[in-house]
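Chemist: My questions will all concern the structure given below.
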Amino acid sequence: MRLTCPLCGSRDRREFYYYGADTYLNRPAPDAPMAAWDDYLHLRDNPAGVTRDLWYHEQGCAQWLKVTRNTVTHEISAVELVAGPAAGGKGASE
Amino acid sequence: MRIDGKGIIDRTRPVSFRFDGREYGGYKGDTLASALLANDVRLVGRSFKYHRPRGILTAGSEEPNAMVEIHGRTNQTPNVRATVQEIFDGMDARSQNRMGTLRHDLLAVNDYVSPFLSAGFYYKTFMWPRAFWERVYEPIIRRAAGLGSLSGKHDDGSYEKAFAFCDLLVIGAGPTGLMAALVAARSGADVILAEENPHLGGRLIDDAGQIDGEPAALWVARVEAELRSLPNVRIMTRTAVTGAYDNGTFGALERVGLHKSARPNLPRECFWRIVAKRSVLAAGALERPIAFPMNDRPGIMMASAVRSYMNRYGVVPGKRVTLFANTDAARDTARQLIAAGVSVAAIIDPRADASSVEDCPVYTGAEVIDTRGRLGLREITIRQGGEEKRIETDCLAMSGGWNPTIHLTCHMNGRPQWNEELAAFVPVEGAVPGLSAAGAANGTMSTHGALAAGKAAAEAALRHLERNVAEVAVPGAEDAPYAVRATWAVEGKGRAWLDFANDVTVKDVRLAAHENYASVEHMKRYTTQGMAPDQGKNSNVGALAVLADATGRGIPETGTTTFRPPYVPVSIASMGAGGRGMGFAPQRFLTSDQASRDRGAPMVEAGLWYRPSYFPKPGETTWKEACDRETTMVRTSVGVCDVSTLGKVDIQGKDAARFLDFVYTNMFSTLGLGKVRYGLMLREDGTVLDDGTTARLGENHYLMTTTTAGAGVVMRHLDFVQQAFCADWDVRFISVTESWAQFAVAGPMARQLLAGYLGQPVELPFMGVAPVQIGDVQGRLFRISFSGEEGYEIAVPTRYGEALFRDLLARAETMGGGAYGMEALNVLRIEKGFITHAEIHGRTNAFDIGMVKMISAKKDCIGKAAAQRPGLLGPEREQLVGLRAAAPITAGAHLFRPNDKVELKNDQGYVTSVGYSPTLSAWLGMGFVVNGRARHGETIRLVDHLRGIDVLCEICDPVFFDPEGGKLRA
């Protein structure tokens, strides 16, 4: 398996650390109900098809990546930086 | 028997080798199989289950019978296919899976009781009595099972793994592959041509056909010369592509040194990962046997293999050959033999309408129904019309048609399609993204068709790569239609083998169907068909055809089992190349490493780091003596310890403090310049992630330290938090763990030592940090302590680490102090109640370790919300405590009330760290006890069944030494 890192190009999967679903990006507000935190921390879908998950280019540029891939065909349709232009300070309260 | 004028072996270079202890001769270029056949050795092995005498069936990696052990000086490789292994001087090959000699195998008794050993006999036979399974049946079965054996010694052979990248990977160098490689090479693409044989040409060599009116070998040589002259082409011979994986990645096994007697600096094998933008599968096809009665005798072989032995090696496997084949093409075998002066006794063709015009007797509409010859074929019986006839023969060449080598196209869930005209499965285009099957692998059986298909496949790949296509003409070659009529099994009295390697017969498959193992996957597992080292290459299609017939379904409805990598057996040693012994993990060495070893310190692993365990003094006979001395030394004078393994993260930016506030539970924005603070870090689920100190070096400049074990995890975590949640903040950080060497100087005389060394008074307050000048070197001095003593840590750029360590040590030793290692460091921190990853082991939260107050109420932080969940903050939690005992105690022990029975339901907690305290003359421990903080003073029973420890302890505060911290702040 190979991932095309937006900064480093096509690399073997051994350079990357796998974290989990991109749900981790949607951190609830500190005072959100426990159910929201439970959902955020523990509840995951297991789709047969397109999924989005987080990979860390640990042996490369140290960037966290959002990978869109298909669990059935193994096709990787997009690899984006987590800290890309769209990312902001969401999640961390003042 | 060797014949003159044929083959691509080097007859000027004789090779001598041994088989079962007997000396034989061959030539360079021979495989063990061809050399044995040249010496008229037909019996080379015993079958798996019935121990039937077996010979050589094929001339390739699909060989199911001729498997041997190759014995080296220390290593012994079992299940080596004689058809693949090239001979070399001094090679020691031995037959396997026998008890006694190859000719008189005692386990051949299995053959006589074969009626009881049919499919599923395990499940039916070894049921009763129940107690017999472990004591009787299993040991006997284990003794009899398996094929070759290992030496039992360490394999001292070397192996490698490597990566390669290309535009186009061409798999197989027969007519299709050579043509594809040629077109792509001339077009300038970066080409890898992988071929499992040592030579190129495939069946062009094996069949000795013609191209453009010349011997095909000449064309092969010309193409090879051109490809080798081009810088954009890599030819990888002896390299079998074993698997197709995601995103254009292929596994391949190269036999690098296995064919050489002396291999200075050569690995035995190399496992390649080849990454290709496009790929062409030109792996050809495998000829399939016919399941006729008693079809497994030495001397019965594939018709194509007979041609291969003749044209590759100049070897004819018999003096009086017969041919049983259902295609026109297979007739070539007989014609070539006759042309070479070999007697052909008969051609038996099951097709009634086939031509009977040959230079030897031809029996059309006929079948072979029996064979004779205990250790080698002597005679066959054929049936034509209702007539039976016996024919004397020592070699029967058979062909049931061809199966395209589609395996790689199915490695990513692709299912092949049945092609009625070819009576074979063919690949489905696109089953592996980027890969196209071409030529015989795609069902194109003529030579001209293969050449044209190779060209077309390369052109299509080049267009995908948006490259110009060089014009290459397809040379003229044989283009006869492939006229096959499926012939799977011949009815008769004797057993008819489908899977030679696992001894599965037609009757076994029918029995499976009869007992309702009718799905092809169930049949496979019930009969073990296709589960031998050849992975069913010779038997899968035949077996499922027999199953389809037995269940009354068609072959397409019956379907195939799943094709999985690897295509040929891959040694685990090659896949794990470099990973044995010290290659298992990287080694990280401290700058003080040599200085520590010079003092005789045994090194221990701490993560990937190697740290000194203790520094023995003359007269000390145990580690504990040294540890006690070093502990007391730090408590009474001064000790020096390399602490560079701690993770160090340099954090800068206007939002650096804000970032620290977010990742730590406690406040860092309030930390004064030149001050250091202990911080606690949680995972988002509230579990403790790591702890350490962070220093404020400047207005917007911090230096974080992590634990040794946590360095990597924390870096990953910081990167995630910053990139996911505060990408727009003004903060940047980088690991500087390896940029700084850092040494703890601890003890009542630490200040004096440093003042002397730095040439100025040291007036740093507790938890302070300041730059220091050591000669021309800029360093940093921290006043922090992991021992409970007045402690400092002095850091310099890594390249000065060793010099600083030796300097500090020399000074310490003049003051009655010295170096201390991990053992003493551990005792010192246990005496003081400082935690490590033994305590924050991934299941404890801030409440458990008594630090819940460190979660600031004034701000959000990672893990804060989840740390407040119900169940994490009550008396039901196992809480950090100290343990004190008069006798040795062990980490990992469990704790019980003294009057309770020692069993799981009475478990009160467990021990995480222990050490003997020379300061307090007691064994001290840290551990977790249910509601432990409320139980200080209670006596608890510590039990370690593993090490036979059963001791009463006192539960106490984890801080045993200087609880007020007077010494720290001195």
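Chain labels follow the order of the structure tokens: the first chain is A, the next B, and so on; residue numbering restarts at 1 in every chain, and ligands are counted from 1 in their shown order.
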May I have the residues of chain B within 9 Å of chain A, counting only C-alpha atoms, written as a PyMOL selection string?

Modeler: chain B and resi 245-249+412-413+658+662+684-685+716+719-729+859-862+864-866+869

Chemist: For the residues selected in the previous step, produce a file with C-alpha atoms as a JSON list (two decimals), in the first residue's frame.

Modeler:
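Output file selection.json follows:
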```
[["chain", "number", "residue", "atom", "x", "y", "z"],
["B", 245, "TYR", "CA", -0.70, -5.62, -3.69],
["B", 246, "ASP", "CA", -2.31, -2.21, -3.41],
["B", 247, "ASN", "CA", -1.27, 0.81, -5.43],
["B", 248, "GLY", "CA", 0.99, -0.93, -7.92],
["B", 249, "THR", "CA", 3.13, -2.73, -5.38],
["B", 412, "MET", "CA", -6.95, -8.35, -5.04],
["B", 413, "ASN", "CA", -10.25, -10.17, -4.92],
["B", 658, "ARG", "CA", -1.36, 28.86, 24.97],
["B", 662, "PHE", "CA", -3.92, 23.15, 25.96],
["B", 684, "GLU", "CA", -8.19, 12.78, 25.09],
["B", 685, "ASP", "CA", -9.90, 9.90, 26.93],
["B", 716, "ARG", "CA", 2.97, 12.50, 17.45],
["B", 719, "ASP", "CA", 1.69, 17.31, 16.07],
["B", 720, "PHE", "CA", -1.87, 16.05, 16.02],
["B", 721, "VAL", "CA", -3.23, 18.57, 18.51],
["B", 722, "GLN", "CA", -1.51, 21.45, 16.78],
["B", 723, "GLN", "CA", -2.40, 20.46, 13.21],
["B", 724, "ALA", "CA", -5.95, 19.35, 13.99],
["B", 725, "PHE", "CA", -7.07, 21.96, 16.50],
["B", 726, "CYS", "CA", -4.80, 24.99, 16.40],
["B", 727, "ALA", "CA", -3.22, 25.09, 12.97],
["B", 728, "ASP", "CA", -3.67, 28.86, 12.84],
["B", 729, "TRP", "CA", -1.87, 29.53, 16.12],
["B", 859, "LYS", "CA", -8.97, 26.31, 31.18],
["B", 860, "ASP", "CA", -9.75, 23.51, 28.75],
["B", 861, "CYS", "CA", -7.11, 20.91, 28.00],
["B", 862, "ILE", "CA", -6.82, 17.66, 26.13],
["B", 864, "LYS", "CA", -10.15, 17.24, 30.69],
["B", 865, "ALA", "CA", -13.73, 16.47, 29.73],
["B", 866, "ALA", "CA", -13.23, 12.71, 29.62],
["B", 869, "ARG", "CA", -16.51, 10.86, 33.56]]
```

Chemist: Give me the residues near Arg69 of chain A as a list of chain:residue names, where near means some atom within 10 Å (using only C-alpha atoms) and where sequence neighbours in that chain fewer than 6 positions away do not count.

Modeler: A:Gly49, A:Val50, A:Thr51, A:Arg52, A:Asp53, A:Glu75, A:Ile76, A:Ser77, A:Ala78, A:Val79

Chemist: Just C-alpha atoms for this one: save the residues we selected as a compact mmCIF listing (two decimals), in the first residue's frame.

Modeler:
```txt
# COMPACT_ATOMS: atom_id res chain seq x y z
CA GLY A 49 -16.91 1.56 0.93
CA VAL A 50 -15.58 5.07 1.23
CA THR A 51 -14.01 5.99 4.54
CA ARG A 52 -11.90 8.86 5.75
CA ASP A 53 -9.16 8.29 8.24
CA GLU A 75 -8.66 2.79 -3.94
CA ILE A 76 -7.24 5.93 -2.36
CA SER A 77 -9.08 8.90 -3.79
CA ALA A 78 -7.63 11.78 -1.79
CA VAL A 79 -4.85 12.56 0.66
```

Chemist: How many Å separate atom CA of Ser917 of chain B from atom CA of Met633 of chain B?

Modeler: 12.5 Å

Chemist: I want to know what sits within 12 Å of Ala460 of chain B, based on only C-alpha atoms, with residues of the same chain fewer than 5 positions away left out; could you give that as a VMD selection string?

Modeler: chain B and resid 168 180 183 to 184 278 to 280 434 to 438 453 to 455 465 to 469

Chemist: Between atom CA of Ala346 of chain B and atom CA of Pro404 of chain B, measure the distance and give it in Å to one decimal.

Modeler: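 Separation of atom CA of Ala346 of chain B and atom CA of Pro404 of chain B: 27.8 Å.
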
Chemist: May I have all residues of segment 590-689 of chain B that DSSP, computed from the backbone, assigns to alpha helix (DSSP H), given as an MDAnalysis selection string?

Modeler: chainID B and resid 593:598 623:636 656:663

Chemist: I need the residues in chain A that are strand (DSSP E) according to DSSP; give them as a compact mmCIF listing (two decimals) with C-alpha atoms, in the first residue's frame.

Modeler:
```txt
# COMPACT_ATOMS: atom_id res chain seq x y z
CA ARG A 2 1.19 3.48 -0.81
CA LEU A 3 0.01 6.95 0.15
CA THR A 4 0.72 10.10 -1.78
CA CYS A 5 1.70 12.63 0.85
CA GLY A 9 4.87 12.42 -2.80
CA SER A 10 4.15 8.72 -3.18
CA ARG A 11 5.51 6.74 -0.22
CA ASP A 12 5.31 3.23 1.15
CA TYR A 17 1.33 5.74 11.41
CA TYR A 18 -2.37 4.93 11.29
CA TYR A 19 -4.61 6.58 13.86
CA GLY A 20 -8.27 6.04 13.04
CA ALA A 21 -11.35 7.67 11.61
CA VAL A 50 -15.58 5.07 1.23
CA THR A 51 -14.01 5.99 4.54
CA ARG A 52 -11.90 8.86 5.75
CA ASP A 53 -9.16 8.29 8.24
CA LEU A 54 -6.08 9.87 9.74
CA TRP A 55 -2.49 8.92 9.01
CA TYR A 56 0.66 10.55 10.32
CA TRP A 64 -1.16 14.49 9.80
CA LEU A 65 -3.10 13.44 6.74
CA LYS A 66 -6.74 12.94 5.95
CA VAL A 67 -6.97 9.93 3.65
CA THR A 68 -10.11 9.15 1.68
CA ARG A 69 -10.08 5.53 0.67
CA ASN A 70 -12.37 2.69 -0.23
CA ILE A 76 -7.24 5.93 -2.36
CA SER A 77 -9.08 8.90 -3.79
CA ALA A 78 -7.63 11.78 -1.79
CA VAL A 79 -4.85 12.56 0.66
CA GLU A 80 -5.05 16.01 2.26
CA LEU A 81 -3.20 17.80 5.00
```

Chemist: Quick one: everything within 7 Å of segment 292-309 of chain B, counting only C-alpha atoms, minus sequence neighbours fewer than 2 positions away in the same chain. Send it as an mmCIF file with C-alpha atoms, in the first residue's frame.

Modeler:
```
data_model
loop_
_atom_site.group_PDB
_atom_site.id
_atom_site.type_symbol
_atom_site.label_atom_id
_atom_site.label_comp_id
_atom_site.auth_asym_id
_atom_site.auth_seq_id
_atom_site.Cartn_x
_atom_site.Cartn_y
_atom_site.Cartn_z
ATOM 1 C CA SER B 34 17.444 -32.135 -15.359
ATOM 2 C CA ARG B 42 13.590 -41.185 -12.077
ATOM 3 C CA LEU B 43 12.685 -41.786 -8.430
ATOM 4 C CA PRO B 53 7.328 -43.367 -5.197
ATOM 5 C CA ARG B 54 7.396 -40.132 -7.157
ATOM 6 C CA GLY B 55 9.435 -38.635 -9.940
ATOM 7 C CA ILE B 56 9.598 -35.337 -11.739
ATOM 8 C CA LEU B 57 6.332 -34.059 -13.172
ATOM 9 C CA THR B 58 7.206 -30.594 -14.443
ATOM 10 C CA ALA B 59 10.132 -28.387 -15.355
ATOM 11 C CA ASP B 206 11.434 -24.774 -24.264
ATOM 12 C CA ASP B 207 9.616 -25.480 -27.536
ATOM 13 C CA GLU B 287 0.065 -27.364 -18.590
ATOM 14 C CA PRO B 289 -2.197 -33.234 -15.973
ATOM 15 C CA ILE B 290 -4.939 -35.744 -16.749
ATOM 16 C CA ASN B 311 15.454 -28.143 -25.458
ATOM 17 C CA ARG B 312 16.749 -26.442 -22.297
ATOM 18 C CA TYR B 313 19.036 -29.134 -21.004
ATOM 19 C CA GLY B 314 19.535 -31.651 -23.814
ATOM 20 C CA VAL B 315 17.919 -34.342 -21.681
ATOM 21 C CA VAL B 316 15.413 -36.954 -22.773
ATOM 22 C CA PRO B 317 13.572 -38.484 -19.832
ATOM 23 C CA ALA B 330 1.229 -31.417 -27.678
ATOM 24 C CA THR B 333 6.524 -33.414 -28.184
ATOM 25 C CA VAL B 368 -4.676 -44.500 -20.664
ATOM 26 C CA ILE B 369 -6.461 -46.615 -18.065
ATOM 27 C CA ASP B 370 -3.659 -48.179 -16.051
ATOM 28 C CA THR B 371 0.099 -48.125 -15.518
ATOM 29 C CA LEU B 375 9.622 -47.425 -8.681
ATOM 30 C CA GLY B 376 9.282 -46.181 -12.241
ATOM 31 C CA LEU B 377 6.949 -46.516 -15.217
ATOM 32 C CA ASP B 394 9.440 -45.736 -19.568
ATOM 33 C CA CYS B 395 8.134 -42.202 -20.039
ATOM 34 C CA LEU B 396 4.581 -41.077 -20.540
ATOM 35 C CA ALA B 397 4.194 -37.442 -21.549
ATOM 36 C CA MET B 398 0.739 -36.120 -20.754
ATOM 37 C CA SER B 399 -1.165 -32.959 -21.531
ATOM 38 C CA ALA B 489 -10.509 -37.666 -15.498
ATOM 39 C CA VAL B 490 -10.363 -41.114 -17.032
ATOM 40 C CA GLU B 491 -12.571 -43.802 -15.537
ATOM 41 C CA GLY B 492 -10.853 -46.970 -14.480
ATOM 42 C CA LYS B 493 -10.046 -49.244 -11.608
ATOM 43 C CA GLY B 494 -7.026 -47.651 -9.947
ATOM 44 C CA ARG B 495 -6.649 -44.408 -8.101
ATOM 45 C CA ALA B 496 -6.376 -41.330 -10.318
ATOM 46 C CA TRP B 497 -4.421 -38.477 -8.767
#
```

Chemist: For segment 938-945 of chain B, list every protein, DNA or RNA residue within 9 Å, evaluated using only C-alpha atoms, and leave out those in the same chain fewer than 3 positions away; present the list as a ChimeraX atom specification.

Modeler: /B:883,889-899,902,908,910-911,935,948-956

Chemist: Which is closest to Glu62 of chain B among B:Val84, B:Ala352, B:Ala366, B:Met667, if we use only C-alpha atoms?

Modeler: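 Nearest to Glu62 of chain B: B:Val84.
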
Chemist: Write out as a list in words the residues lying within 12 Å of Glu557 of chain B, counting only C-alpha atoms and excluding same-chain residues fewer than 4 positions away.

Modeler: Gln417, Trp418, Ala518, Ser519, Val520, Leu544, Ala545, Leu547, Ala548, Asp549, Thr551, Gly552 and Arg553 of chain B

Chemist: For the selection you just gave me, I'd like the residues written to a file as a compact mmCIF listing (two decimals), in the first residue's frame, keeping N, CA and C atoms.

Modeler:
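Resulting contents of again11.txt:
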```txt
# COMPACT_ATOMS: atom_id res chain seq x y z
N GLN B 417 -12.70 -15.69 -15.15
CA GLN B 417 -13.87 -16.09 -15.92
C GLN B 417 -13.60 -17.41 -16.63
N TRP B 418 -14.60 -18.25 -16.72
CA TRP B 418 -14.44 -19.51 -17.43
C TRP B 418 -14.57 -19.27 -18.92
N ALA B 518 -19.82 -29.83 -0.92
CA ALA B 518 -20.04 -29.60 -2.35
C ALA B 518 -19.52 -28.25 -2.81
N SER B 519 -19.35 -27.32 -1.87
CA SER B 519 -18.76 -26.04 -2.26
C SER B 519 -17.28 -26.27 -2.49
N VAL B 520 -16.74 -25.55 -3.46
CA VAL B 520 -15.34 -25.77 -3.81
C VAL B 520 -14.43 -25.46 -2.62
N LEU B 544 -11.79 -29.05 -9.53
CA LEU B 544 -13.13 -28.44 -9.51
C LEU B 544 -13.97 -28.92 -10.68
N ALA B 545 -13.31 -29.36 -11.77
CA ALA B 545 -14.06 -29.96 -12.87
C ALA B 545 -14.68 -31.28 -12.42
N LEU B 547 -15.37 -32.02 -9.33
CA LEU B 547 -16.41 -31.64 -8.36
C LEU B 547 -17.67 -31.17 -9.09
N ALA B 548 -17.47 -30.36 -10.13
CA ALA B 548 -18.62 -29.86 -10.91
C ALA B 548 -19.40 -31.03 -11.48
N ASP B 549 -18.67 -32.01 -11.98
CA ASP B 549 -19.30 -33.19 -12.56
C ASP B 549 -20.05 -33.98 -11.49
N THR B 551 -21.31 -32.93 -8.74
CA THR B 551 -22.45 -32.22 -8.14
C THR B 551 -23.46 -31.81 -9.20
N GLY B 552 -23.16 -32.13 -10.46
CA GLY B 552 -24.09 -31.82 -11.52
C GLY B 552 -24.18 -30.35 -11.87
N ARG B 553 -23.16 -29.62 -11.49
CA ARG B 553 -23.14 -28.20 -11.86
C ARG B 553 -22.11 -28.00 -12.95
```

Chemist: Near Val275 of chain B, counting only C-alpha atoms, which residues have an atom at most 9 Å away, once you skip same-chain residues fewer than 5 positions from it, shown as a list in words?

Modeler: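 In the requested format, the answer is Phe163, Ala164, Phe165, Cys166, Asp167, Leu169, Asn247, Gly248, Thr249, Phe250 and Gly251 of chain B.
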
Chemist: Which one is closest to Gly414 of chain B: B:Gly146, B:Gly791, B:Pro433, B:Gly674? Count only C-alpha atoms.

Modeler: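 Looking at the shortest contact to Gly414 of chain B, the residue is B:Pro433.
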
Chemist: Which residue gives the smallest distance to Ala225 of chain B among B:Leu182, B:Leu646, B:Ile830, B:Ile774, with only C-alpha atoms counted?

Modeler: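 Closest residue, counting only C-alpha atoms: B:Leu182.
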
Chemist: Figure out the distance between atom CA of Lys153 of chain B and atom CA of Gln96 of chain B, please, to one decimal in Å.

Modeler: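 Spanning atom CA of Gln96 of chain B to atom CA of Lys153 of chain B is a straight-line distance of 18.1 Å.
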